[in-house]
Amino acid sequence: MNQTAPKALRLHIGIFGRTNAGKSSLLNFISGQSTAITSPIPGTTTDVVSKPMELLPIGPVVFLDTAGLNDSSALGAARLGKTFGVFDQADVLTLVTEAGQWDEAEQYIANEAKRRKVPLIIIINKCDLKAPSPEFKTMVAAESSGMVIETVASDHNLRDQFLNEYKQALIQCCPDDFLKPPPLIGDLIKPGETVIMLVPIDLQAPKGRIILPQVQVLRDGLDNSNIVITVKETEYQTALKNLKNAPALTVCDSQVVDLMVRETPPEIVCTTFSILFARLKGNMELMAAGAAAIGKLKKNGGRVLIAEACTHHATEDDIGRVKIPRLLRRFTGREDLTVDVYAGTDYPADLSGYDLVVHCGGCMFNRRAILSRIQLAASSGVAITNYGMCISFCHGVLDRVLSPFPDALAAYHNACR
């Protein structure tokens, strides 16, 4: 967990609500720790409680738990002064309320969010005691652009479901600066070291140019002052022999991953363009874990969604429509495997009927869009991986190409147990 990021670099999330709405319980619910003192006595939170934590896939955040908006105690005015000061710090506001509970205090927070143009997420807590009416849900949704979550912050059986929904809301609304992608290869090798890129030229290679992920890795290497050598897979061995010093990294198109792994000495780190994009655009650990679900298809069969970010003209051996479905059926031995393909912005709102989502690298989407799709799958309890991880898994080489990323490799191994 990253606790070293300065507060100024963290997403600041203010937690507001009246006394005993469950603000401190919610903070403990999110963190999984007893961060804030909870009590049925109004006014237990006497000062702003600051809790830094890592909230993947968003990154480093700091929660600011405030005193109750209707604190009428002797120190209430001083506490509320500090509570209102959080408005000046918060990038996102979270308002905790209960079913049917909405008056001047809650409306003040909603109005302040609109005035400051700060995103607002409304949590309807204690739904075990009273379920919100349809009219109440419609009203609060109008105050928060539809970002409303129902939960019971005292029931830790609901924690995973809540966190998935809450992260989804944060991904949708947090400022772009907090969704900055990591480098592609700039943190994997040092300036001056060599990277070899294996770029097959086949039916899907655009005439006269190379595809965007390959261009972006090339540029990232140049920006990092790396020596970048680009070859077809047929010239890979020649390139290795011609080098005085071994490359620090080899990156290949997933369609030749088995060849790359077979021909790359074990001391040379290697991965694929698609796996690099799993980190650049999404949640690499979750996608690595999702690849393990392919093994379960052997026994049970099931339904797979292939998701493409672009709407290119499909070739006769298209990777998403032809190659990956064929590879999955061959690996699982299940000709009855149902495979649906969605392209561009077409994407089902309900993923519950699927056993696995296999997403493209997402080079045509921004990071927010891919993270939203990943989080939707997590909320639906559906495994999600991407093209490169799927292909590498089916070829039995995922361990090797995940080796530059220990956290993702560990997530994959844990999911395989």
# chains A, B, ... in the order shown; residues from 1 in each chain; ligands from 1

$ residues_around --residues "Leu351 in chain A" --least-positions-apart "4" --cutoff "8 Å" --atoms "only C-alpha atoms" --output "short mmCIF file (atom, residue, chain, number, x, y, z; two decimals) with C-alpha atoms, in the first residue's frame"
data_model
loop_
_atom_site.label_atom_id
_atom_site.label_comp_id
_atom_site.auth_asym_id
_atom_site.auth_seq_id
_atom_site.Cartn_x
_atom_site.Cartn_y
_atom_site.Cartn_z
CA LEU A 376 -18.40 -2.79 -14.14
CA ALA A 377 -17.13 -6.34 -14.58
CA SER A 380 -20.99 -7.88 -11.73
CA VAL A 382 -17.39 -11.32 -13.87
#

$ residues_around --residues "His359 in chain A" --least-positions-apart "3" --cutoff "8 Å" --atoms "only C-alpha atoms" --output "MDAnalysis selection string"
chainID A and resid 306:308 362 384:387

$ residues_around --residues "Leu297 in chain A" --least-positions-apart "5" --cutoff "12 Å" --atoms "only C-alpha atoms" --output "PyMOL selection string"
chain A and resi 291-292+302-304+328-339+354-356+383+394

$ select_by_dssp --residues "range 37-269 of chain A" --states "strand (DSSP E or B)" --output "ChimeraX atom specification"
/A:49-55,59-65,92-98,120-125,148-150,194-198,227-231,249-252,269

$ closest_residue --among "A:Leu93, A:Cys310, A:Val322, A:Met364" --to "Pro213 in chain A" --atoms "only C-alpha atoms"
A:Met364

$ residues_around --residues "range 239-241 of chain A" --least-positions-apart "2" --cutoff "10 Å" --atoms "only C-alpha atoms" --output "list of chain:residue names"
A:Ile196, A:Ile229, A:Thr230, A:Val231, A:Lys232, A:Glu233, A:Thr234, A:Glu235, A:Tyr236, A:Gln237, A:Leu243, A:Lys244, A:Asn245, A:Ala246, A:Pro247, A:Glu263, A:Thr264, A:Pro265

$ write_last_selection --atoms "N, CA and C atoms" --output "JSON list (two decimals), in the first residue's frame"
[["chain", "number", "residue", "atom", "x", "y", "z"],
["A", 196, "ILE", "N", 14.06, -4.52, -27.64],
["A", 196, "ILE", "CA", 13.72, -5.05, -28.96],
["A", 196, "ILE", "C", 12.22, -5.19, -29.06],
["A", 229, "ILE", "N", 15.10, -1.19, -30.98],
["A", 229, "ILE", "CA", 15.31, -1.95, -32.22],
["A", 229, "ILE", "C", 14.00, -2.63, -32.57],
["A", 230, "THR", "N", 13.52, -2.39, -33.79],
["A", 230, "THR", "CA", 12.24, -2.96, -34.22],
["A", 230, "THR", "C", 12.48, -3.96, -35.35],
["A", 231, "VAL", "N", 12.02, -5.19, -35.15],
["A", 231, "VAL", "CA", 12.23, -6.25, -36.15],
["A", 231, "VAL", "C", 10.95, -7.08, -36.30],
["A", 232, "LYS", "N", 10.86, -7.76, -37.40],
["A", 232, "LYS", "CA", 9.83, -8.80, -37.53],
["A", 232, "LYS", "C", 10.28, -10.02, -36.73],
["A", 233, "GLU", "N", 9.33, -10.88, -36.41],
["A", 233, "GLU", "CA", 9.68, -12.05, -35.61],
["A", 233, "GLU", "C", 10.68, -12.96, -36.33],
["A", 234, "THR", "N", 10.69, -12.92, -37.65],
["A", 234, "THR", "CA", 11.60, -13.77, -38.43],
["A", 234, "THR", "C", 13.06, -13.30, -38.32],
["A", 235, "GLU", "N", 13.26, -12.06, -37.91],
["A", 235, "GLU", "CA", 14.62, -11.54, -37.77],
["A", 235, "GLU", "C", 15.05, -11.41, -36.30],
["A", 236, "TYR", "N", 14.25, -11.94, -35.39],
["A", 236, "TYR", "CA", 14.53, -11.76, -33.96],
["A", 236, "TYR", "C", 15.85, -12.40, -33.55],
["A", 237, "GLN", "N", 16.07, -13.64, -33.96],
["A", 237, "GLN", "CA", 17.31, -14.32, -33.58],
["A", 237, "GLN", "C", 18.54, -13.61, -34.15],
["A", 243, "LEU", "N", 23.74, -8.18, -31.41],
["A", 243, "LEU", "CA", 23.94, -7.26, -30.30],
["A", 243, "LEU", "C", 25.15, -7.68, -29.46],
["A", 244, "LYS", "N", 25.99, -6.71, -29.14],
["A", 244, "LYS", "CA", 27.14, -6.99, -28.28],
["A", 244, "LYS", "C", 26.68, -7.28, -26.86],
["A", 245, "ASN", "N", 25.69, -6.49, -26.39],
["A", 245, "ASN", "CA", 25.10, -6.69, -25.06],
["A", 245, "ASN", "C", 23.64, -7.09, -25.20],
["A", 246, "ALA", "N", 23.20, -7.98, -24.36],
["A", 246, "ALA", "CA", 21.82, -8.45, -24.44],
["A", 246, "ALA", "C", 20.85, -7.31, -24.17],
["A", 247, "PRO", "N", 19.67, -7.32, -24.79],
["A", 247, "PRO", "CA", 18.69, -6.27, -24.52],
["A", 247, "PRO", "C", 18.17, -6.38, -23.08],
["A", 263, "GLU", "N", 12.32, -18.24, -27.88],
["A", 263, "GLU", "CA", 13.62, -17.83, -28.42],
["A", 263, "GLU", "C", 14.35, -16.80, -27.56],
["A", 264, "THR", "N", 13.74, -16.39, -26.46],
["A", 264, "THR", "CA", 14.37, -15.38, -25.60],
["A", 264, "THR", "C", 15.08, -16.06, -24.43],
["A", 265, "PRO", "N", 16.38, -15.82, -24.26],
["A", 265, "PRO", "CA", 17.09, -16.41, -23.12],
["A", 265, "PRO", "C", 16.42, -16.02, -21.80]]

$ select_by_dssp --residues "range 99-253 of chain A" --states "alpha helix (DSSP H)" --output "NGL selection string"
:A and (104-116 or 134-143 or 159-173 or 212-223 or 236-242)

$ closest_residue --among "A:Ser274, A:Thr345, A:Thr94, A:Gln255" --to "Leu170 in chain A" --atoms "only C-alpha atoms"
A:Thr94

$ residues_around --residues "Val256 in chain A" --least-positions-apart "6" --cutoff "10 Å" --atoms "only C-alpha atoms" --output "JSON, numbers by chain"
{"A": [198, 199, 200, 232, 233, 272, 391, 392]}

$ residues_around --residues "Glu106 in chain A" --least-positions-apart "5" --cutoff "9 Å" --atoms "only C-alpha atoms" --output "number ranges by chain"
A: 16-18, 69, 95-97, 101, 111

$ write_last_selection --atoms "C-alpha atoms" --output "short mmCIF file (atom, residue, chain, number, x, y, z; two decimals), in the first residue's frame"
data_model
loop_
_atom_site.label_atom_id
_atom_site.label_comp_id
_atom_site.auth_asym_id
_atom_site.auth_seq_id
_atom_site.Cartn_x
_atom_site.Cartn_y
_atom_site.Cartn_z
CA PHE A 16 -20.19 14.78 4.89
CA GLY A 17 -23.51 14.13 6.59
CA ARG A 18 -25.50 14.79 9.73
CA LEU A 69 -23.70 19.01 9.95
CA LEU A 95 -22.65 12.74 1.33
CA VAL A 96 -23.92 10.06 3.74
CA THR A 97 -27.64 10.03 4.50
CA GLN A 101 -33.53 11.87 5.34
CA ASN A 111 -25.85 23.06 -3.38
#

$ residues_around --residues "Ile149 in chain A" --least-positions-apart "5" --cutoff "9 Å" --atoms "only C-alpha atoms" --output "PyMOL selection string"
chain A and resi 121-125+162+165-166+169

$ decode --residues "range 147-206 of chain A" --atoms "C-alpha atoms" --output "tab-separated table (two decimals), in the first residue's frame"
chain	number	residue	atom	x	y	z
A	147	MET	CA	-24.25	8.78	-8.49
A	148	VAL	CA	-26.19	7.15	-5.65
A	149	ILE	CA	-25.19	3.99	-3.76
A	150	GLU	CA	-27.31	2.06	-1.26
A	151	THR	CA	-25.51	0.11	1.46
A	152	VAL	CA	-25.28	-0.95	5.09
A	153	ALA	CA	-21.88	0.23	6.32
A	154	SER	CA	-22.08	-2.04	9.38
A	155	ASP	CA	-22.43	-5.22	7.29
A	156	HIS	CA	-18.97	-6.27	6.10
A	157	ASN	CA	-20.48	-8.98	3.90
A	158	LEU	CA	-21.52	-6.09	1.64
A	159	ARG	CA	-18.10	-4.42	1.61
A	160	ASP	CA	-16.83	-5.79	-1.72
A	161	GLN	CA	-20.07	-4.92	-3.50
A	162	PHE	CA	-20.02	-1.42	-2.07
A	163	LEU	CA	-16.36	-0.81	-2.89
A	164	ASN	CA	-16.90	-1.86	-6.50
A	165	GLU	CA	-19.83	0.54	-6.86
A	166	TYR	CA	-18.01	3.34	-5.05
A	167	LYS	CA	-14.86	2.95	-7.16
A	168	GLN	CA	-17.01	2.98	-10.29
A	169	ALA	CA	-18.52	6.28	-9.20
A	170	LEU	CA	-15.08	7.74	-8.38
A	171	ILE	CA	-13.71	6.68	-11.77
A	172	GLN	CA	-16.60	8.42	-13.49
A	173	CYS	CA	-16.25	11.69	-11.64
A	174	CYS	CA	-12.74	12.26	-10.33
A	175	PRO	CA	-10.60	14.88	-12.08
A	176	ASP	CA	-8.49	13.71	-15.02
A	177	ASP	CA	-5.25	14.51	-13.20
A	178	PHE	CA	-5.84	11.58	-10.84
A	179	LEU	CA	-6.21	9.03	-13.64
A	180	LYS	CA	-2.78	9.67	-15.15
A	181	PRO	CA	-1.46	6.49	-16.77
A	182	PRO	CA	1.88	4.97	-15.77
A	183	PRO	CA	4.72	4.84	-18.33
A	184	LEU	CA	4.76	2.03	-20.84
A	185	ILE	CA	8.39	0.89	-20.47
A	186	GLY	CA	10.12	3.93	-18.99
A	187	ASP	CA	10.17	2.47	-15.49
A	188	LEU	CA	11.14	-1.05	-16.59
A	189	ILE	CA	14.54	-0.30	-18.11
A	190	LYS	CA	17.18	2.37	-17.63
A	191	PRO	CA	18.11	5.13	-20.09
A	192	GLY	CA	20.70	3.87	-22.56
A	193	GLU	CA	19.52	0.25	-22.35
A	194	THR	CA	18.17	-1.61	-25.36
A	195	VAL	CA	14.64	-2.81	-26.03
A	196	ILE	CA	13.72	-5.05	-28.96
A	197	MET	CA	10.21	-4.77	-30.39
A	198	LEU	CA	8.87	-7.75	-32.34
A	199	VAL	CA	6.35	-6.48	-34.88
A	200	PRO	CA	4.83	-9.09	-37.20
A	201	ILE	CA	3.64	-7.87	-40.58
A	202	ASP	CA	0.49	-9.82	-41.37
A	203	LEU	CA	-3.01	-9.23	-42.75
A	204	GLN	CA	-3.92	-6.98	-39.82
A	205	ALA	CA	-0.86	-4.74	-40.09
A	206	PRO	CA	-1.94	-1.46	-41.73
